[in-house]
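Below is the file my_file02.csv, which contains CSV, C-alpha atoms.
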```csv
chain,number,residue,atom,x,y,z
A,29,MET,CA,28.3,-28.5,55.4
A,30,LEU,CA,30.5,-28.9,52.3
A,31,LEU,CA,31.7,-25.8,50.5
A,32,PHE,CA,32.2,-26.2,46.7
A,33,MET,CA,34.0,-23.9,44.3
A,34,ARG,CA,33.3,-23.4,40.6
A,35,LYS,CA,36.3,-24.4,38.5
A,36,THR,CA,36.9,-24.6,34.8
A,37,MET,CA,38.9,-27.5,33.2
A,38,LYS,CA,40.0,-27.1,29.7
A,39,TYR,CA,40.9,-29.9,27.2
A,40,ARG,CA,42.0,-30.0,23.6
A,41,MET,CA,39.7,-31.6,21.1
A,42,TYR,CA,40.5,-33.3,17.8
A,43,PRO,CA,37.3,-33.4,15.7
A,44,THR,CA,37.1,-35.2,12.4
A,45,LYS,CA,36.5,-33.2,9.2
A,46,HIS,CA,32.7,-33.9,9.3
A,47,GLN,CA,32.6,-33.0,13.0
A,48,GLN,CA,34.5,-29.8,12.4
A,49,TYR,CA,32.0,-28.9,9.7
A,50,LEU,CA,29.1,-29.5,12.2
A,51,LEU,CA,30.9,-27.4,14.9
A,52,ASP,CA,31.5,-24.5,12.5
A,53,ASP,CA,27.9,-24.7,11.4
A,54,THR,CA,26.7,-24.7,15.0
A,55,LEU,CA,28.8,-21.5,15.7
A,56,ASP,CA,27.3,-19.8,12.6
A,57,ILE,CA,23.7,-20.7,13.6
A,58,CYS,CA,24.4,-19.4,17.2
A,59,ARG,CA,25.7,-16.2,15.6
A,60,GLN,CA,22.6,-15.8,13.6
A,61,VAL,CA,20.4,-16.3,16.7
A,62,TYR,CA,22.5,-13.8,18.6
A,63,ASN,CA,22.1,-11.2,15.8
A,64,GLN,CA,18.4,-11.8,15.4
A,65,THR,CA,17.8,-11.5,19.2
A,66,LEU,CA,19.7,-8.3,19.3
A,67,ALA,CA,17.8,-6.9,16.3
A,68,HIS,CA,14.4,-7.8,18.0
A,69,ARG,CA,15.4,-6.1,21.2
A,70,LYS,CA,16.6,-3.0,19.4
A,71,GLU,CA,13.5,-2.8,17.3
A,72,ALA,CA,11.2,-3.3,20.3
A,73,TRP,CA,12.7,-0.3,22.0
A,74,GLU,CA,13.1,2.0,19.0
A,75,GLN,CA,9.5,1.4,17.7
A,76,ARG,CA,7.4,0.6,20.8
A,77,GLN,CA,9.6,1.7,23.7
A,78,ASP,CA,9.3,-1.9,25.0
A,79,THR,CA,12.0,-3.8,26.8
A,80,LEU,CA,12.1,-7.5,25.9
A,81,SER,CA,13.3,-9.9,28.6
A,82,LEU,CA,15.4,-13.0,28.3
A,83,TYR,CA,12.3,-15.2,28.8
A,84,GLU,CA,10.4,-13.4,26.1
A,85,THR,CA,13.2,-13.9,23.6
A,86,ASN,CA,13.5,-17.5,24.6
A,87,ALA,CA,9.8,-17.9,23.7
A,88,MET,CA,10.5,-16.7,20.2
A,89,LEU,CA,12.8,-19.7,19.5
A,90,THR,CA,9.8,-22.0,18.8
A,91,GLN,CA,8.6,-19.8,16.0
A,92,TRP,CA,12.1,-19.2,14.6
A,93,LYS,CA,12.7,-22.9,14.3
A,94,GLN,CA,9.5,-23.3,12.2
A,95,GLU,CA,10.6,-20.4,9.9
A,96,HIS,CA,14.2,-21.6,9.7
A,97,PRO,CA,14.6,-25.4,9.8
A,98,PRO,CA,18.4,-25.3,10.2
A,99,LEU,CA,17.9,-24.0,13.8
A,100,ALA,CA,16.5,-27.5,14.7
A,101,THR,CA,20.0,-29.0,14.0
A,102,VAL,CA,21.4,-27.2,17.1
A,103,HIS,CA,20.5,-28.2,20.7
A,104,SER,CA,17.9,-26.0,22.2
A,105,GLN,CA,20.0,-25.0,25.3
A,106,VAL,CA,22.8,-23.9,23.0
A,107,LEU,CA,20.4,-21.5,21.2
A,108,GLN,CA,19.1,-20.2,24.6
A,109,ASN,CA,22.6,-19.5,25.7
A,110,ALA,CA,23.2,-17.4,22.6
A,111,GLN,CA,20.2,-15.3,23.7
A,112,GLU,CA,21.4,-15.2,27.2
A,113,ARG,CA,24.7,-13.6,26.0
A,114,VAL,CA,22.7,-10.8,24.4
A,115,ASP,CA,20.9,-10.3,27.7
A,116,LEU,CA,24.3,-10.2,29.6
A,117,ALA,CA,25.6,-7.7,27.0
A,118,TYR,CA,22.6,-5.4,27.7
A,119,LYS,CA,23.0,-5.7,31.5
A,120,ALA,CA,26.8,-4.9,31.2
A,121,PHE,CA,26.0,-1.9,29.0
A,122,PHE,CA,23.5,-0.3,31.3
A,123,ARG,CA,25.6,-1.1,34.4
A,124,ARG,CA,28.5,0.8,32.9
A,125,VAL,CA,26.2,3.7,31.9
A,126,LYS,CA,25.0,4.0,35.5
A,127,ALA,CA,28.6,4.0,36.6
A,128,GLY,CA,29.3,7.0,34.5
A,129,ASP,CA,31.3,5.3,31.7
A,130,THR,CA,30.7,5.7,28.0
A,131,PRO,CA,30.4,2.1,26.8
A,132,GLY,CA,29.6,1.0,23.2
A,133,PHE,CA,26.2,-0.4,22.5
A,134,PRO,CA,26.0,-4.2,22.0
A,135,ARG,CA,27.0,-4.9,18.4
A,136,PHE,CA,26.1,-7.5,15.8
A,137,ARG,CA,28.5,-10.4,15.2
A,138,GLY,CA,29.9,-10.7,11.7
A,139,PRO,CA,31.1,-14.0,10.1
A,140,GLY,CA,33.9,-15.5,12.1
A,141,ARG,CA,33.2,-13.3,15.1
A,142,TYR,CA,31.4,-15.9,17.2
A,143,ASP,CA,33.8,-18.5,18.6
A,144,SER,CA,32.0,-20.5,21.3
A,145,PHE,CA,28.8,-22.2,22.3
A,146,THR,CA,27.6,-23.7,25.7
A,147,PHE,CA,25.5,-26.6,26.8
A,148,LYS,CA,24.0,-25.3,30.1
A,149,GLN,CA,22.5,-28.5,31.7
A,150,SER,CA,22.2,-31.4,29.2
A,151,GLY,CA,23.2,-32.4,25.7
A,152,PHE,CA,26.6,-33.7,26.6
A,153,ARG,CA,28.2,-36.9,28.0
A,154,VAL,CA,31.8,-37.7,28.9
A,155,GLN,CA,33.2,-41.2,28.6
A,156,ASP,CA,37.0,-41.9,28.8
A,157,SER,CA,38.6,-39.7,26.2
A,158,LEU,CA,35.5,-38.9,24.3
A,159,VAL,CA,33.0,-36.1,24.8
A,160,SER,CA,29.6,-36.7,23.2
A,161,LEU,CA,27.8,-33.5,22.1
A,162,SER,CA,24.2,-33.5,21.1
A,163,LYS,CA,23.6,-33.4,17.3
A,164,ILE,CA,27.4,-33.3,16.7
A,165,GLY,CA,28.7,-36.7,17.9
A,166,SER,CA,31.5,-38.2,20.0
A,167,ILE,CA,34.7,-36.1,19.7
A,168,ARG,CA,38.1,-37.3,20.8
A,169,MET,CA,39.8,-35.1,23.4
A,170,VAL,CA,43.2,-35.2,25.2
A,171,LEU,CA,42.3,-36.1,28.8
A,172,HIS,CA,45.6,-34.9,30.3
A,173,ARG,CA,44.1,-34.9,33.8
A,174,PRO,CA,40.9,-36.4,35.3
A,175,ILE,CA,37.7,-34.3,35.4
A,176,GLU,CA,37.0,-33.4,39.0
A,177,GLY,CA,33.7,-32.7,40.7
A,178,THR,CA,30.3,-32.4,39.1
A,179,ILE,CA,30.0,-31.0,35.6
A,180,LYS,CA,27.6,-28.1,35.4
A,181,THR,CA,28.1,-26.6,31.9
A,182,VAL,CA,30.2,-27.5,28.8
A,183,THR,CA,31.6,-24.9,26.5
A,184,VAL,CA,33.1,-25.6,23.1
A,185,ARG,CA,35.5,-23.0,21.8
A,186,ARG,CA,37.4,-22.4,18.6
A,187,THR,CA,40.6,-20.4,18.7
A,188,PRO,CA,41.7,-17.9,16.0
A,189,THR,CA,44.3,-20.5,14.9
A,190,GLY,CA,41.5,-23.1,14.3
A,191,LYS,CA,42.1,-25.3,17.4
A,192,TRP,CA,39.1,-26.7,19.3
A,193,TYR,CA,38.8,-26.8,23.1
A,194,VAL,CA,36.1,-28.1,25.4
A,195,CYS,CA,35.8,-26.4,28.8
A,196,PHE,CA,34.0,-28.1,31.7
A,197,SER,CA,32.6,-25.9,34.4
A,198,VAL,CA,32.6,-28.1,37.5
A,199,ASP,CA,31.8,-27.8,41.2
A,200,VAL,CA,34.7,-29.2,43.3
A,201,GLU,CA,35.5,-29.3,46.9
A,202,PRO,CA,38.7,-27.2,47.7
A,203,LEU,CA,41.8,-29.3,48.4
A,204,ARG,CA,43.4,-27.4,51.2
A,205,LEU,CA,47.1,-27.4,51.8
A,206,PRO,CA,48.7,-27.8,55.3
A,207,ALA,CA,48.7,-24.6,57.3
A,208,SER,CA,51.7,-22.2,56.8
A,209,ALA,CA,52.6,-19.4,59.2
A,210,LEU,CA,54.7,-17.7,56.5
A,211,ALA,CA,53.5,-14.4,54.9
A,212,VAL,CA,54.9,-12.5,52.0
A,213,GLY,CA,54.4,-9.1,50.3
A,214,VAL,CA,54.6,-8.9,46.5
A,215,ASP,CA,55.6,-5.8,44.7
A,216,VAL,CA,55.1,-6.2,40.9
A,217,GLY,CA,57.2,-4.1,38.5
A,218,LEU,CA,58.7,-3.8,35.1
A,219,SER,CA,62.5,-4.2,35.7
A,220,HIS,CA,61.6,-7.4,37.7
A,221,PHE,CA,58.3,-9.2,37.3
A,222,ALA,CA,57.9,-9.2,41.1
A,223,THR,CA,60.0,-8.5,44.2
A,224,LEU,CA,59.1,-10.4,47.4
A,225,SER,CA,59.4,-9.0,50.9
A,226,THR,CA,62.0,-11.7,51.5
A,227,GLY,CA,64.3,-9.9,49.1
A,228,GLU,CA,63.8,-12.4,46.3
A,229,HIS,CA,63.5,-11.1,42.7
A,230,ILE,CA,61.5,-12.8,40.0
A,231,ALA,CA,62.8,-12.0,36.5
A,232,ASN,CA,60.5,-10.4,34.0
A,233,PRO,CA,60.3,-12.8,31.0
A,234,ARG,CA,59.0,-10.2,28.6
A,235,PHE,CA,57.3,-12.7,26.3
A,236,PHE,CA,55.8,-10.1,23.9
A,237,ARG,CA,59.2,-8.3,23.5
A,238,THR,CA,60.8,-11.6,22.7
A,239,ASP,CA,58.4,-12.3,19.8
A,240,GLU,CA,57.8,-8.7,18.8
A,241,HIS,CA,60.0,-8.8,15.7
A,242,ALA,CA,58.5,-12.0,14.4
A,243,LEU,CA,55.0,-10.6,15.0
A,244,ALA,CA,55.9,-7.4,13.1
A,245,LYS,CA,57.3,-9.4,10.2
A,246,ALA,CA,54.1,-11.5,10.0
A,247,GLN,CA,51.9,-8.4,10.2
A,248,ARG,CA,53.8,-6.8,7.3
A,249,ARG,CA,53.2,-9.9,5.2
A,250,LEU,CA,49.5,-9.8,6.1
A,251,ALA,CA,49.2,-6.1,5.2
A,252,LYS,CA,50.5,-6.8,1.7
A,253,GLU,CA,48.0,-9.5,0.8
A,254,ALA,CA,44.7,-8.6,-0.9
A,255,LYS,CA,41.6,-8.9,1.2
A,256,GLY,CA,39.5,-12.1,0.7
A,257,THR,CA,42.3,-14.1,-0.8
A,258,PRO,CA,43.5,-17.6,0.5
A,259,GLU,CA,47.0,-16.1,1.0
A,260,ARG,CA,45.6,-13.4,3.3
A,261,ARG,CA,43.8,-16.1,5.4
A,262,LYS,CA,47.1,-18.0,5.7
A,263,CYS,CA,48.9,-14.9,6.8
A,264,ARG,CA,46.2,-14.0,9.3
A,265,LYS,CA,46.5,-17.5,10.8
A,266,VAL,CA,50.3,-17.0,11.2
A,267,VAL,CA,49.7,-13.7,13.1
A,268,ALA,CA,47.1,-15.4,15.3
A,269,HIS,CA,49.5,-18.3,16.0
A,270,ILE,CA,52.2,-15.8,17.3
A,271,HIS,CA,49.7,-14.0,19.5
A,272,GLU,CA,48.5,-17.4,20.8
A,273,ARG,CA,52.1,-18.5,21.6
A,274,ILE,CA,52.8,-15.3,23.5
A,275,ALA,CA,49.6,-15.6,25.5
A,276,ASN,CA,50.2,-19.3,26.3
A,277,ARG,CA,53.7,-18.7,27.6
A,278,ARG,CA,52.5,-15.8,29.7
A,279,TYR,CA,49.6,-17.7,31.1
A,280,ASP,CA,51.8,-20.7,32.0
A,281,PHE,CA,54.4,-18.5,33.7
A,282,CYS,CA,51.7,-16.8,35.8
A,283,HIS,CA,50.3,-20.2,36.8
A,284,GLN,CA,53.7,-21.7,37.7
A,285,THR,CA,54.8,-18.6,39.7
A,286,ALA,CA,51.5,-18.3,41.6
A,287,ARG,CA,51.6,-22.1,42.4
A,288,LYS,CA,55.0,-21.8,44.0
A,289,MET,CA,53.9,-18.8,46.1
A,290,VAL,CA,50.7,-20.5,47.3
A,291,ASN,CA,52.5,-23.7,48.2
A,292,THR,CA,55.0,-21.8,50.3
A,293,TYR,CA,53.2,-18.9,52.0
A,294,GLY,CA,50.0,-18.8,54.1
A,295,VAL,CA,49.3,-15.1,53.5
A,296,LEU,CA,50.0,-13.3,50.2
A,297,ALA,CA,49.7,-9.5,50.0
A,298,PHE,CA,49.4,-7.6,46.7
A,299,GLU,CA,48.8,-4.1,45.6
A,300,ALA,CA,45.4,-3.2,44.3
A,301,LEU,CA,46.7,-1.5,41.1
A,302,GLN,CA,44.5,0.5,38.8
A,303,ILE,CA,46.1,-1.0,35.7
A,304,PRO,CA,43.9,0.7,33.0
A,305,ASN,CA,44.8,4.1,34.5
A,306,MET,CA,48.5,3.2,34.5
A,307,MET,CA,48.3,2.2,30.8
A,308,GLN,CA,47.4,5.8,29.9
A,309,ASN,CA,51.2,6.4,30.0
A,310,HIS,CA,52.0,5.6,26.3
A,311,CYS,CA,55.7,5.1,27.2
A,312,LEU,CA,55.0,2.2,29.5
A,313,ALA,CA,51.7,0.8,28.1
A,314,LYS,CA,53.2,-2.0,26.1
A,315,SER,CA,55.5,-3.1,28.9
A,316,ILE,CA,52.6,-3.0,31.4
A,317,ALA,CA,50.4,-5.1,29.1
A,318,ASP,CA,53.2,-7.6,28.5
A,319,VAL,CA,53.9,-8.2,32.2
A,320,ALA,CA,50.2,-9.1,32.9
A,321,TRP,CA,50.0,-8.0,36.6
A,322,GLY,CA,46.3,-8.4,36.7
A,323,GLN,CA,46.3,-11.9,35.3
A,324,PHE,CA,48.9,-13.0,37.8
A,325,VAL,CA,47.1,-11.5,40.9
A,326,ARG,CA,43.8,-13.1,39.8
A,327,ILE,CA,45.4,-16.5,39.3
A,328,ALA,CA,47.2,-16.3,42.6
A,329,THR,CA,44.0,-15.2,44.4
A,330,ASP,CA,42.1,-18.2,42.9
A,331,LYS,CA,44.8,-20.7,43.8
A,332,ALA,CA,45.0,-19.3,47.3
A,333,ALA,CA,41.2,-19.7,47.8
A,334,CYS,CA,41.3,-23.3,46.6
A,335,ALA,CA,44.3,-24.1,48.9
A,336,GLY,CA,42.9,-22.4,52.0
A,337,ARG,CA,45.4,-19.6,51.9
A,338,ILE,CA,44.7,-15.9,52.4
A,339,ALA,CA,45.3,-13.4,49.6
A,340,VAL,CA,44.7,-9.7,50.3
A,341,GLN,CA,45.1,-6.5,48.2
A,342,VAL,CA,46.1,-3.3,49.8
A,343,PRO,CA,46.0,0.4,48.5
A,344,PRO,CA,49.2,1.1,46.5
A,345,ALA,CA,49.5,4.7,47.8
A,346,TYR,CA,53.0,5.6,49.1
A,347,THR,CA,54.2,1.9,49.3
A,348,SER,CA,57.3,2.9,47.4
A,349,GLN,CA,57.9,6.2,49.3
A,350,ASP,CA,57.3,5.2,52.9
A,351,CYS,CA,60.3,3.8,54.8
A,352,SER,CA,59.7,0.2,55.8
A,353,ARG,CA,61.7,0.7,59.0
A,354,CYS,CA,60.6,4.0,60.5
A,355,GLY,CA,57.7,5.0,58.3
A,356,HIS,CA,59.2,8.3,57.1
A,357,ARG,CA,58.0,9.3,53.7
A,358,VAL,CA,60.8,9.8,51.2
A,359,PRO,CA,59.5,11.1,47.8
A,360,LYS,CA,61.4,9.7,44.9
A,361,LYS,CA,61.1,9.6,41.1
A,362,LEU,CA,60.4,6.5,39.1
A,363,SER,CA,64.0,6.4,37.9
A,364,GLU,CA,65.3,6.3,41.5
A,365,ARG,CA,65.7,2.6,42.2
A,366,VAL,CA,67.3,2.8,45.7
A,367,HIS,CA,65.4,3.8,48.8
A,368,GLN,CA,67.6,5.9,51.2
A,369,CYS,CA,65.9,7.1,54.4
A,370,PRO,CA,67.5,10.3,55.9
A,371,VAL,CA,65.9,9.6,59.3
A,372,CYS,CA,66.9,5.9,60.1
A,373,THR,CA,69.6,5.7,57.3
A,374,LEU,CA,68.0,2.6,55.8
A,375,SER,CA,69.3,2.0,52.3
A,376,MET,CA,67.8,-0.8,50.2
A,377,ASP,CA,66.3,-1.7,46.9
A,378,ARG,CA,63.2,0.4,46.2
A,379,ASP,CA,61.0,-2.6,45.2
A,380,HIS,CA,62.1,-4.6,48.3
A,381,ASN,CA,61.2,-1.7,50.5
A,382,ALA,CA,57.8,-1.5,48.8
A,383,ALA,CA,57.2,-5.2,49.2
A,384,LEU,CA,57.9,-4.9,53.0
A,385,ASN,CA,55.3,-2.1,53.2
A,386,ILE,CA,52.8,-4.1,51.2
A,387,LEU,CA,53.3,-7.0,53.7
A,388,ARG,CA,52.8,-4.7,56.6
A,389,CYS,CA,49.6,-3.2,55.2
A,390,GLY,CA,48.3,-6.7,54.3
A,391,LEU,CA,48.8,-8.0,57.8
A,392,ALA,CA,47.3,-4.9,59.3
A,393,SER,CA,44.2,-5.4,57.2
A,394,LEU,CA,43.9,-8.9,58.6
A,395,GLY,CA,44.3,-7.6,62.2
A,396,VAL,CA,47.7,-9.1,62.6
```
Final structure tokens representation of the file:
Amino acid sequence: MLLFMRKTMKYRMYPTKHQQYLLDDTLDICRQVYNQTLAHRKEAWEQRQDTLSLYETNAMLTQWKQEHPPLATVHSQVLQNAQERVDLAYKAFFRRVKAGDTPGFPRFRGPGRYDSFTFKQSGFRVQDSLVSLSKIGSIRMVLHRPIEGTIKTVTVRRTPTGKWYVCFSVDVEPLRLPASALAVGVDVGLSHFATLSTGEHIANPRFFRTDEHALAKAQRRLAKEAKGTPERRKCRKVVAHIHERIANRRYDFCHQTARKMVNTYGVLAFEALQIPNMMQNHCLAKSIADVAWGQFVRIATDKAACAGRIAVQVPPAYTSQDCSRCGHRVPKKLSERVHQCPVCTLSMDRDHNAALNILRCGLASLGV
């Protein structure tokens, strides 16, 4: 029996001016359907205490198309997906309420606040470097790598900088790497991006800190421009471009680092950090957000699953305080960067000691 994994492959698109107009118009129509669906569901509950299901809102589309002819210019599955997003927003809201959180109720989308639409089953076709979308046309894309597996859904996305991307969700068979008996524990940090149980340190690139001054300068220019003017739109695009550049560099760094680890080690052990709680510390919140631990662990875990490797997460409690040689607990402040055990006289880097403990806990969780 073949096991398939769901994977997303992303490509840059270069639509013509007319195609870009059609894409923008499709996004705006999907936004209107989203808002109208949300309004009907709110009205049904407030006036009649009735809960509309996804299938009931889908049935309304036929009448809406008769009342609003522009809706017929968009593929039916794209409109259904807009309603499905409302349903998912409701489910996420009630799930968080049951969990004891205080989430915000699903909100209406203003102009420019809806940036993607999805073809769920049909309405698209791929041929060489062209992707044909129903009622839009054939758009040129940069096919920088072949599309693998079976295409399930196609999502078209517009970035804040005005770039267009097409994302193919495909089912692929995992390409497993040769078995490796090596195991590594990874301790993420701020002084170093990560410290491995082998003693290797991976430097923290600090992408946001590098472009922080350029971003502040662009934001000051944006604040000076009057709202609704062409100059303000240009300044907003400059700010979005800097944010996009930072995010792309960080994303690429996480991918490259995770790929090297997965290619080398058969078992990877990480800490299961509660990053939202850690960001409550206002002195470290910016640095923690910049280093992107969660993104790195998620990417490494996905790559490990595709390659037939094992990635585990262990509780982070006392990994920095316990001695990796004798197990004696040595309390230390965050500013103390050297682990010195008074029992076995072990003296080593604090992060290296933590990485060894993470590796030991990870292997123990696997029964090794």
Problem set entry | Residue among A:His367, A:Arg273, A:Arg378, A:Lys45 lying closest to A:His220, counting all atoms listed in the file | A:Arg378
Problem set entry | 12 Å contact set for A:Ala317, only C-alpha atoms, chain neighbours under 2 positions out, as a PyMOL selection string | chain A and resi 217-218+234-237+274-275+278+303-304+306-315+319-324
Please report, as a tab-separated table, each residue of stretch 253-372 of chain A lying at most 8 Å from stretch 176-197 of chain A, together with the nearest pair of atoms and the separation in Å rounded to one decimal; use only C-alpha atoms, and order rows by chain and ascending residue number.
```
residue	atom	partner	partner_atom	distance
A:Lys265	CA	A:Thr189	CA	5.5
A:Val266	CA	A:Thr189	CA	7.9
A:Ala268	CA	A:Thr189	CA	5.8
A:His269	CA	A:Thr189	CA	5.8
A:Glu272	CA	A:Thr189	CA	7.9
```
Exercise. Suppose you want the space between atom CA of A:Ala211 and atom CA of A:Ala297; what is it in Å?
Worked result: 7.9 Å
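Each of A:Arg353, A:Val212, A:Gln77, A:Asp280 was compared to A:Leu224 using all atoms listed in the file, and A:Val212 turns out to be the nearest.
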